[in-house]
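Below is one structure, written out as structure tokens; comments come after it.
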There are 2 protein chains.
Amino acid sequence: MNNNVFKKLSYGVYIVACEYNGKYTGCTVNSIMQITSDPAIIALSVNHENYTHVCIEETKKFSISILSEQSNPLAIGTFGFRSGRDCNKFDIIPYDIKNSLPVIKDACAYLICELKGKIDTHSHTVYIAEVIDGDVLNDIKPMTYEYYHNVIKGKSPKTAPTYIKE
Amino acid sequence: MNNNVFKKLSYGVYIVACEYNGKYTGCTVNSIMQITSDPAIIALSVNHENYTHVCIEETKKFSISILSEQSNPLAIGTFGFRSGRDCNKFDIIPYDIKNSLPVIKDACAYLICELKGKIDTHSHTVYIAEVIDGDVLNDIKPMTYEYYHNVIKGKSPKTAPTYIKE
């Protein structure tokens, strides 16, 4: 098998965020997809090691900020390469509150989601969630994972489903 | 909720194909994502009404052709808007055989997958599958769903998770 084949799958770049124990936290993800349209159900994959995994399991509610090509890449690094166990990521990234959850200020859209089910694998959990609210924030093009890699020259953290050892 | 928010999620464009009862069949999908990297596990969403849904359930094996920006859009229409119950879609779309399964000839890459699990919703099933083989076929950029809509001016069939009534 040629592992480069996985680089040919297309994704966006998102920040998933929760409020847990009176603190906001979150992580960068790319594996999010819509499953049904009415009601709107999405699936997302989160690594077991991410603190956000604990927070989703406990609170069963989270926001998804959809980053645009003009979103500050600092958010991707902060939410992708640091742990919410050790720092408050939202201290350094501007955000608004929507339905009691943080949403990245320069995102182009956001979703508010309620956990409905899951499938576990050895390293990641696939969460199934209903989208209970959401809005478009601006008309800037959503950032694709390909844009993040090839234009912004960003890297994947080891906990990403798409991580490839180099 | 603003339903336009779902247009901000990023996807690729793929043809999922099976061999069932001595015949090849398949459908167009956009909701595919990688879940884990080692072993490589992917998730995909297929509408209950698609004939490919029956074929995946029965055979537990399928190919995914990853379309490129130069793939003939005829494949997307043929596999997205016609049913394999009524016609042989592969009669009019050129393909090669990889691991006994059809792969679209002008795709940029392909995956061969074995079914490992699923979650059902009222309209779509999320399949979890292990990628047992796959290769890159050329260096042309993968087609994104956004490219399909905005450059090729393609539409979504009613069975797509991303379908929005207009």
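Letters A, B, ... mark the chains of the structure tokens in the order given; residue numbers begin at 1 per chain; ligand numbers begin at 1, in order shown.
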Residues of chain B within 7 Å of chain A, counting only C-alpha atoms - could you list those as a CSV table (one decimal) with N, CA and C atoms, in the first residue's frame?
```csv
chain,number,residue,atom,x,y,z
B,1,MET,N,-31.3,28.3,13.0
B,1,MET,CA,-30.0,27.7,12.3
B,1,MET,C,-30.0,28.1,10.9
B,2,ASN,N,-28.8,28.5,10.4
B,2,ASN,CA,-28.6,28.9,9.0
B,2,ASN,C,-28.0,27.7,8.3
B,4,ASN,N,-27.0,27.2,5.4
B,4,ASN,CA,-25.9,27.5,4.5
B,4,ASN,C,-24.5,27.1,5.2
B,5,VAL,N,-24.6,27.0,6.5
B,5,VAL,CA,-23.4,26.7,7.3
B,5,VAL,C,-22.8,25.3,6.8
B,8,LYS,N,-20.0,25.1,4.2
B,8,LYS,CA,-18.7,25.5,4.6
B,8,LYS,C,-17.8,24.4,5.0
B,9,LEU,N,-18.4,23.2,5.1
B,9,LEU,CA,-17.6,22.0,5.4
B,9,LEU,C,-16.9,21.5,4.1
B,10,SER,N,-15.7,21.1,4.2
B,10,SER,CA,-14.9,20.7,3.0
B,10,SER,C,-14.9,19.2,2.8
B,11,TYR,N,-15.0,18.8,1.5
B,11,TYR,CA,-15.0,17.4,1.2
B,11,TYR,C,-14.3,17.2,-0.2
B,12,GLY,N,-14.0,15.9,-0.5
B,12,GLY,CA,-13.6,15.5,-1.8
B,12,GLY,C,-14.8,14.9,-2.6
B,31,SER,N,-18.8,12.2,1.6
B,31,SER,CA,-18.5,12.1,3.0
B,31,SER,C,-17.6,10.9,3.3
B,33,MET,N,-13.8,10.1,5.4
B,33,MET,CA,-12.7,10.7,6.1
B,33,MET,C,-11.8,9.6,6.8
B,34,GLN,N,-10.6,9.9,7.0
B,34,GLN,CA,-9.7,9.0,7.7
B,34,GLN,C,-9.9,9.1,9.2
B,35,ILE,N,-9.9,7.9,9.8
B,35,ILE,CA,-10.1,7.9,11.3
B,35,ILE,C,-8.9,7.6,12.1
B,36,THR,N,-8.1,6.6,11.6
B,36,THR,CA,-6.8,6.3,12.3
B,36,THR,C,-5.8,6.0,11.2
B,37,SER,N,-4.5,6.1,11.6
B,37,SER,CA,-3.5,6.0,10.5
B,37,SER,C,-2.8,4.6,10.5
B,45,SER,N,-20.2,7.7,4.6
B,45,SER,CA,-21.6,7.8,4.8
B,45,SER,C,-22.3,7.4,3.5
B,109,ALA,N,-6.3,8.6,-7.4
B,109,ALA,CA,-5.8,7.6,-6.4
B,109,ALA,C,-7.0,6.7,-6.1
B,123,SER,N,-31.4,7.9,7.9
B,123,SER,CA,-31.3,7.9,6.4
B,123,SER,C,-30.0,7.4,5.8
B,124,HIS,N,-28.9,7.5,6.6
B,124,HIS,CA,-27.6,7.1,6.1
B,124,HIS,C,-26.9,6.1,7.1
B,133,ASP,N,-5.5,-1.8,0.8
B,133,ASP,CA,-4.6,-1.5,-0.3
B,133,ASP,C,-4.9,-0.1,-0.9
B,134,GLY,N,-4.1,0.4,-1.7
B,134,GLY,CA,-4.4,1.7,-2.3
B,134,GLY,C,-3.1,2.3,-2.9
B,135,ASP,N,-3.3,3.1,-3.9
B,135,ASP,CA,-2.2,3.7,-4.6
B,135,ASP,C,-2.6,5.1,-5.2
B,136,VAL,N,-1.5,5.9,-5.5
B,136,VAL,CA,-1.7,7.1,-6.2
B,136,VAL,C,-1.5,6.8,-7.7
B,142,PRO,N,-6.6,16.5,-6.3
B,142,PRO,CA,-7.9,15.9,-6.0
B,142,PRO,C,-9.1,16.9,-6.2
B,144,THR,N,-12.2,18.8,-5.1
B,144,THR,CA,-13.0,19.1,-3.9
B,144,THR,C,-14.4,19.2,-4.3
B,161,PRO,N,-25.7,13.4,1.9
B,161,PRO,CA,-25.9,13.9,3.2
B,161,PRO,C,-25.9,15.5,3.1
B,162,THR,N,-25.3,16.0,2.1
B,162,THR,CA,-25.1,17.5,2.0
B,162,THR,C,-26.2,18.1,1.1
B,163,TYR,N,-27.2,17.3,0.8
B,163,TYR,CA,-28.3,17.9,-0.1
B,163,TYR,C,-29.1,19.0,0.6
```
Do a neighbour search on stretch 74-87 of chain B at 10 Å with only C-alpha atoms, toss out local chain neighbours closer than 3 positions, and write the hits as number ranges by chain.
B: 13-17, 23-29, 49-52, 67, 71, 90-94, 104, 106, 148, 154-160
Any chance you could lay chain A over chain B, fitting all C-alpha atoms in order by least squares, and write the moved chain as a tab-separated table (two decimals) with C-alpha atoms, in the first residue's frame?
```tsv
chain	number	residue	atom	x	y	z
A	1	MET	CA	-30.01	27.73	12.32
A	2	ASN	CA	-28.57	28.89	9.01
A	3	ASN	CA	-28.48	25.82	6.70
A	4	ASN	CA	-25.85	27.49	4.51
A	5	VAL	CA	-23.35	26.67	7.26
A	6	PHE	CA	-23.13	23.10	5.90
A	7	LYS	CA	-21.76	24.43	2.61
A	8	LYS	CA	-18.70	25.55	4.58
A	9	LEU	CA	-17.58	21.98	5.38
A	10	SER	CA	-14.90	20.71	2.98
A	11	TYR	CA	-15.01	17.36	1.14
A	12	GLY	CA	-13.56	15.52	-1.80
A	13	VAL	CA	-15.51	13.73	-4.57
A	14	TYR	CA	-15.33	9.93	-4.64
A	15	ILE	CA	-16.86	6.91	-6.39
A	16	VAL	CA	-17.48	3.95	-4.06
A	17	ALA	CA	-17.75	0.64	-5.97
A	18	CYS	CA	-18.55	-3.03	-5.25
A	19	GLU	CA	-18.81	-6.30	-7.11
A	20	TYR	CA	-22.14	-7.97	-6.29
A	21	ASN	CA	-23.90	-10.87	-8.03
A	22	GLY	CA	-21.25	-10.86	-10.74
A	23	LYS	CA	-21.85	-7.18	-11.59
A	24	TYR	CA	-19.92	-4.01	-10.76
A	25	THR	CA	-21.87	-1.11	-9.27
A	26	GLY	CA	-21.17	2.06	-7.31
A	27	CYS	CA	-22.23	5.55	-6.29
A	28	THR	CA	-20.82	9.07	-5.90
A	29	VAL	CA	-20.09	10.13	-2.30
A	30	ASN	CA	-18.40	13.11	-0.67
A	31	SER	CA	-18.53	12.11	3.02
A	32	ILE	CA	-15.33	10.09	3.49
A	33	MET	CA	-12.68	10.70	6.14
A	34	GLN	CA	-9.67	8.95	7.64
A	35	ILE	CA	-10.14	7.89	11.28
A	36	THR	CA	-6.84	6.25	12.26
A	37	SER	CA	-3.49	5.94	10.51
A	38	ASP	CA	-2.10	2.58	11.73
A	39	PRO	CA	-3.98	0.49	10.74
A	40	ALA	CA	-5.58	2.88	8.28
A	41	ILE	CA	-9.29	3.13	9.03
A	42	ILE	CA	-11.73	5.35	7.16
A	43	ALA	CA	-15.39	6.28	7.67
A	44	LEU	CA	-17.91	6.93	4.94
A	45	SER	CA	-21.61	7.76	4.83
A	46	VAL	CA	-23.97	6.03	2.38
A	47	ASN	CA	-27.71	6.65	1.97
A	48	HIS	CA	-30.01	3.68	2.77
A	49	GLU	CA	-31.72	4.08	-0.61
A	50	ASN	CA	-28.54	3.63	-2.66
A	51	TYR	CA	-28.11	0.20	-4.25
A	52	THR	CA	-24.43	0.44	-3.19
A	53	HIS	CA	-25.68	0.32	0.43
A	54	VAL	CA	-27.08	-3.19	-0.20
A	55	CYS	CA	-23.86	-4.22	-1.99
A	56	ILE	CA	-21.55	-3.03	0.83
A	57	GLU	CA	-23.72	-4.82	3.42
A	58	GLU	CA	-23.61	-8.05	1.39
A	59	THR	CA	-19.99	-8.09	0.16
A	60	LYS	CA	-18.24	-6.12	2.95
A	61	LYS	CA	-15.61	-4.99	0.44
A	62	PHE	CA	-15.44	-1.90	-1.77
A	63	SER	CA	-13.11	0.39	-3.70
A	64	ILE	CA	-12.96	4.18	-3.40
A	65	SER	CA	-11.85	6.09	-6.51
A	66	ILE	CA	-10.58	9.57	-5.58
A	67	LEU	CA	-11.54	11.89	-8.46
A	68	SER	CA	-9.20	14.65	-9.63
A	69	GLU	CA	-9.94	18.10	-11.06
A	70	GLN	CA	-9.42	16.53	-14.51
A	71	SER	CA	-11.65	13.47	-13.98
A	72	ASN	CA	-14.57	13.38	-16.43
A	73	PRO	CA	-17.59	14.85	-14.56
A	74	LEU	CA	-19.77	12.33	-16.45
A	75	ALA	CA	-18.73	9.76	-13.81
A	76	ILE	CA	-20.08	11.97	-11.00
A	77	GLY	CA	-23.45	12.31	-12.74
A	78	THR	CA	-23.67	8.67	-13.76
A	79	PHE	CA	-22.79	7.38	-10.30
A	80	GLY	CA	-24.71	10.10	-8.44
A	81	PHE	CA	-28.02	10.38	-10.27
A	82	ARG	CA	-28.72	6.90	-11.67
A	83	SER	CA	-29.33	3.65	-9.78
A	84	GLY	CA	-27.26	0.49	-10.20
A	85	ARG	CA	-30.57	-1.41	-9.83
A	86	ASP	CA	-31.62	-0.20	-13.30
A	87	CYS	CA	-28.39	0.09	-15.30
A	88	ASN	CA	-24.76	-0.97	-15.38
A	89	LYS	CA	-22.97	2.30	-14.63
A	90	PHE	CA	-19.59	0.80	-15.49
A	91	ASP	CA	-20.76	0.17	-19.08
A	92	ILE	CA	-20.21	3.83	-19.90
A	93	ILE	CA	-17.36	4.84	-17.53
A	94	PRO	CA	-13.80	3.57	-18.20
A	95	TYR	CA	-12.30	1.62	-15.29
A	96	ASP	CA	-9.45	-0.69	-14.28
A	97	ILE	CA	-9.61	-3.64	-11.91
A	98	LYS	CA	-7.60	-3.41	-8.67
A	99	ASN	CA	-7.91	-6.21	-6.08
A	100	SER	CA	-10.93	-7.56	-8.04
A	101	LEU	CA	-12.79	-4.24	-7.77
A	102	PRO	CA	-13.41	-1.52	-10.36
A	103	VAL	CA	-11.51	1.78	-10.06
A	104	ILE	CA	-12.34	4.79	-12.27
A	105	LYS	CA	-9.58	5.08	-14.92
A	106	ASP	CA	-9.06	8.85	-14.61
A	107	ALA	CA	-9.12	8.96	-10.78
A	108	CYS	CA	-5.97	10.36	-9.11
A	109	ALA	CA	-5.84	7.62	-6.42
A	110	TYR	CA	-7.81	4.68	-5.04
A	111	LEU	CA	-8.38	2.75	-1.80
A	112	ILE	CA	-9.48	-0.87	-1.32
A	113	CYS	CA	-11.52	-1.25	1.87
A	114	GLU	CA	-12.90	-4.02	4.11
A	115	LEU	CA	-15.96	-3.30	6.25
A	116	LYS	CA	-15.28	-3.36	10.02
A	117	GLY	CA	-18.30	-1.68	11.66
A	118	LYS	CA	-21.15	0.79	11.24
A	119	ILE	CA	-23.48	3.27	12.92
A	120	ASP	CA	-26.97	3.73	11.51
A	121	THR	CA	-29.02	6.92	11.33
A	122	HIS	CA	-32.57	7.26	9.96
A	123	SER	CA	-31.35	7.95	6.42
A	124	HIS	CA	-27.62	7.11	6.15
A	125	THR	CA	-25.21	4.45	7.44
A	126	VAL	CA	-21.72	5.46	8.58
A	127	TYR	CA	-19.41	2.58	7.62
A	128	ILE	CA	-16.04	2.07	9.30
A	129	ALA	CA	-13.61	0.20	7.05
A	130	GLU	CA	-9.96	-0.81	7.03
A	131	VAL	CA	-7.92	0.23	4.01
A	132	ILE	CA	-6.10	-2.92	2.87
A	133	ASP	CA	-4.56	-1.50	-0.30
A	134	GLY	CA	-4.35	1.72	-2.28
A	135	ASP	CA	-2.18	3.72	-4.62
A	136	VAL	CA	-1.70	7.13	-6.19
A	137	LEU	CA	-2.42	7.05	-9.94
A	138	ASN	CA	-1.28	10.55	-10.98
A	139	ASP	CA	-0.30	13.94	-9.56
A	140	ILE	CA	-3.40	15.87	-10.61
A	141	LYS	CA	-5.05	17.79	-7.75
A	142	PRO	CA	-7.92	15.88	-6.06
A	143	MET	CA	-11.33	17.34	-6.85
A	144	THR	CA	-12.97	19.06	-3.88
A	145	TYR	CA	-16.73	19.26	-3.47
A	146	GLU	CA	-16.35	23.06	-3.64
A	147	TYR	CA	-14.59	22.71	-7.03
A	148	TYR	CA	-17.38	20.42	-8.26
A	149	HIS	CA	-20.05	22.96	-7.25
A	150	ASN	CA	-18.33	26.21	-8.19
A	151	VAL	CA	-16.13	25.33	-11.18
A	152	ILE	CA	-17.92	22.34	-12.75
A	153	LYS	CA	-21.32	23.74	-11.55
A	154	GLY	CA	-22.43	20.28	-10.43
A	155	LYS	CA	-25.41	19.56	-8.21
A	156	SER	CA	-26.04	17.14	-5.28
A	157	PRO	CA	-28.42	14.17	-5.64
A	158	LYS	CA	-31.25	13.99	-3.08
A	159	THR	CA	-29.55	11.04	-1.36
A	160	ALA	CA	-26.39	13.07	-0.50
A	161	PRO	CA	-25.87	13.94	3.20
A	162	THR	CA	-25.11	17.47	2.01
A	163	TYR	CA	-28.28	17.85	-0.09
A	164	ILE	CA	-30.09	21.17	0.50
A	165	LYS	CA	-33.55	21.83	-1.00
A	166	GLU	CA	-33.46	24.92	-3.24
```
Secondary structure check, helix (DSSP H, G or I) residues of stretch 48-163 of chain B, as a PyMOL selection string:
chain B and resi 51-59+74-81+89-91+145-150
Could you write those residues out with N, CA and C atoms, as a short mmCIF file (atom, residue, chain, number, x, y, z; two decimals), in the first residue's frame?
```cif
data_model
loop_
_atom_site.label_atom_id
_atom_site.label_comp_id
_atom_site.auth_asym_id
_atom_site.auth_seq_id
_atom_site.Cartn_x
_atom_site.Cartn_y
_atom_site.Cartn_z
N TYR B 51 -28.32 1.64 -4.01
CA TYR B 51 -28.10 0.22 -4.26
C TYR B 51 -26.73 -0.20 -3.71
N THR B 52 -25.78 0.74 -3.72
CA THR B 52 -24.43 0.44 -3.20
C THR B 52 -24.49 0.10 -1.71
N HIS B 53 -25.49 0.64 -0.99
CA HIS B 53 -25.67 0.33 0.43
C HIS B 53 -25.90 -1.17 0.60
N VAL B 54 -26.80 -1.73 -0.22
CA VAL B 54 -27.08 -3.19 -0.21
C VAL B 54 -25.79 -3.96 -0.50
N CYS B 55 -25.07 -3.49 -1.52
CA CYS B 55 -23.88 -4.22 -1.99
C CYS B 55 -22.76 -4.21 -0.94
N ILE B 56 -22.58 -3.07 -0.24
CA ILE B 56 -21.56 -3.02 0.83
C ILE B 56 -21.96 -3.96 1.95
N GLU B 57 -23.23 -3.95 2.34
CA GLU B 57 -23.70 -4.82 3.42
C GLU B 57 -23.47 -6.30 3.08
N GLU B 58 -23.71 -6.64 1.79
CA GLU B 58 -23.61 -8.04 1.38
C GLU B 58 -22.16 -8.49 1.18
N THR B 59 -21.34 -7.64 0.56
CA THR B 59 -20.00 -8.08 0.16
C THR B 59 -18.92 -7.65 1.15
N LEU B 74 -18.73 13.28 -16.10
CA LEU B 74 -19.77 12.31 -16.47
C LEU B 74 -19.87 11.20 -15.42
N ALA B 75 -18.71 10.80 -14.84
CA ALA B 75 -18.72 9.74 -13.82
C ALA B 75 -19.54 10.18 -12.60
N ILE B 76 -19.38 11.45 -12.19
CA ILE B 76 -20.08 11.95 -11.00
C ILE B 76 -21.58 11.90 -11.22
N GLY B 77 -22.03 12.33 -12.41
CA GLY B 77 -23.45 12.31 -12.74
C GLY B 77 -23.97 10.88 -12.85
N THR B 78 -23.23 10.04 -13.56
CA THR B 78 -23.67 8.65 -13.76
C THR B 78 -23.78 7.91 -12.43
N PHE B 79 -22.79 8.10 -11.57
CA PHE B 79 -22.79 7.37 -10.29
C PHE B 79 -23.62 8.08 -9.22
N GLY B 80 -23.98 9.35 -9.46
CA GLY B 80 -24.72 10.10 -8.45
C GLY B 80 -26.21 10.16 -8.71
N PHE B 81 -26.60 10.11 -9.98
CA PHE B 81 -28.01 10.38 -10.29
C PHE B 81 -28.73 9.20 -10.93
N LYS B 89 -23.68 1.01 -14.52
CA LYS B 89 -22.98 2.29 -14.62
C LYS B 89 -21.59 2.13 -15.23
N PHE B 90 -20.97 0.97 -14.99
CA PHE B 90 -19.60 0.77 -15.50
C PHE B 90 -19.56 0.49 -17.00
N ASP B 91 -20.73 0.32 -17.64
CA ASP B 91 -20.76 0.15 -19.10
C ASP B 91 -20.29 1.41 -19.82
N TYR B 145 -15.29 19.05 -3.29
CA TYR B 145 -16.72 19.26 -3.48
C TYR B 145 -17.00 20.71 -3.88
N GLU B 146 -16.21 21.62 -3.31
CA GLU B 146 -16.34 23.05 -3.63
C GLU B 146 -16.01 23.29 -5.11
N TYR B 147 -14.97 22.61 -5.61
CA TYR B 147 -14.59 22.71 -7.03
C TYR B 147 -15.71 22.16 -7.90
N TYR B 148 -16.27 21.04 -7.50
CA TYR B 148 -17.38 20.42 -8.25
C TYR B 148 -18.57 21.37 -8.36
N HIS B 149 -18.90 22.04 -7.25
CA HIS B 149 -20.04 22.95 -7.25
C HIS B 149 -19.75 24.25 -7.97
N ASN B 150 -18.59 24.85 -7.69
CA ASN B 150 -18.34 26.22 -8.16
C ASN B 150 -17.64 26.29 -9.51
#
```
Sel. of strand (DSSP E) residues, stretch 63-152 of chain B, as number ranges by chain
B: 63-66, 95-98, 101-104, 109-120, 124-136
